[in-house]
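Take a look at the structure below.
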Amino acid sequence: MNLWQEESLYREKGYTAICGCDEAGAGPLAGPVYAAAVILPFGVDIPGLNDSKQLTEKKRESLFPVIRQTAVAWAIAEVSAEEIDATDILTARIKAMELAISRLSPKADFALIDGNRDHGKGAAITLTHQCVVKGDSLSASIAAASVLAKVSRDRVMAELDMQYPQYGFAKHKGYPTKAHKEAIARYGLCPEHRRSYKWT
């Protein structure tokens, strides 16, 4: 979904508020999964905006307030590690995205969802939508959502690092790095680790 295709959704389909939605934190062994939804003004250009994975932490942090100030509406939601274990990561991802979309004010009338999945066992995207594979590198609104979700989650992992400094959450953000796995082997699991994941 490139920008001109988004424009066609406005002009040809008659939508008035299209949001992009993305999540962050599906792969880590610890911490919540986050999602964000963003409605950008029609035709807006945010210099430097890109898929959050292609940006440095410093660039993401600098874009975070710009996106919120520029957006018509934005919202962020999270699903805890405990709930991920109680359901599954796909359901948790979709629930977080659905929550973020539902919190937008004003509301969106169409959603662009990053990836190729729009439902899990216990959650689904209910707003009229379209899934976009690699949407965070193709759609400005999805890219904006990816930045908000990634920065929000990284900040929470930095807070958890202060609570559980032995795991190095501020550095690896809960992902299965060698150092993280070694810390788990040495100290065991903390309450923020996802018990349903493999740690070795």
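Letters for chains follow the order of the structure tokens (A, B, ...), residue numbers begin at 1 for each chain, and ligand numbers begin at 1 in the order shown.
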
DSSP strand (DSSP E or B) residues within chain A, as a count of residues only: 34

Which of stretch 6-195 of chain A DSSP labels alpha helix (DSSP H), written as an NGL selection string: :A and (6-11 or 57-70 or 81-86 or 89-102 or 140-163 or 169-172 or 178-187)

A:Glu78, A:Gly135, A:Ala140, A:Lys171 ranked by distance to A:Ile46, top pick (using only C-alpha atoms): A:Ala140

With only C-alpha atoms counted and 10 Å as the cut-off, give the residues of stretch 67-115 of chain A in contact with stretch 147-150 of chain A, each with its shortest interatomic distance in Å and the pair that gives it, as CSV.
residue,atom,partner,partner_atom,distance
A:Ile67,CA,A:Leu148,CA,8.0
A:Arg68,CA,A:Leu148,CA,8.4
A:Trp74,CA,A:Leu148,CA,8.8
A:Ala75,CA,A:Leu148,CA,8.7
A:Ile76,CA,A:Ala149,CA,6.8
A:Ala77,CA,A:Ala149,CA,8.2
A:Glu78,CA,A:Ala149,CA,8.9
A:Met97,CA,A:Ala149,CA,10.0
A:Ala100,CA,A:Ala149,CA,10.0

A:Lys53, A:His180, A:Lys107, A:His172 ranked by distance to A:Ala24, top pick (using only C-alpha atoms): A:Lys53

Pick from A:Ala96, A:Ile184, A:Ala145, A:Leu160, whichever lies nearest to A:Leu112 using only C-alpha atoms: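 Among A:Ala96, A:Ile184, A:Ala145, A:Leu160, it is A:Ala145 that comes nearest to A:Leu112.
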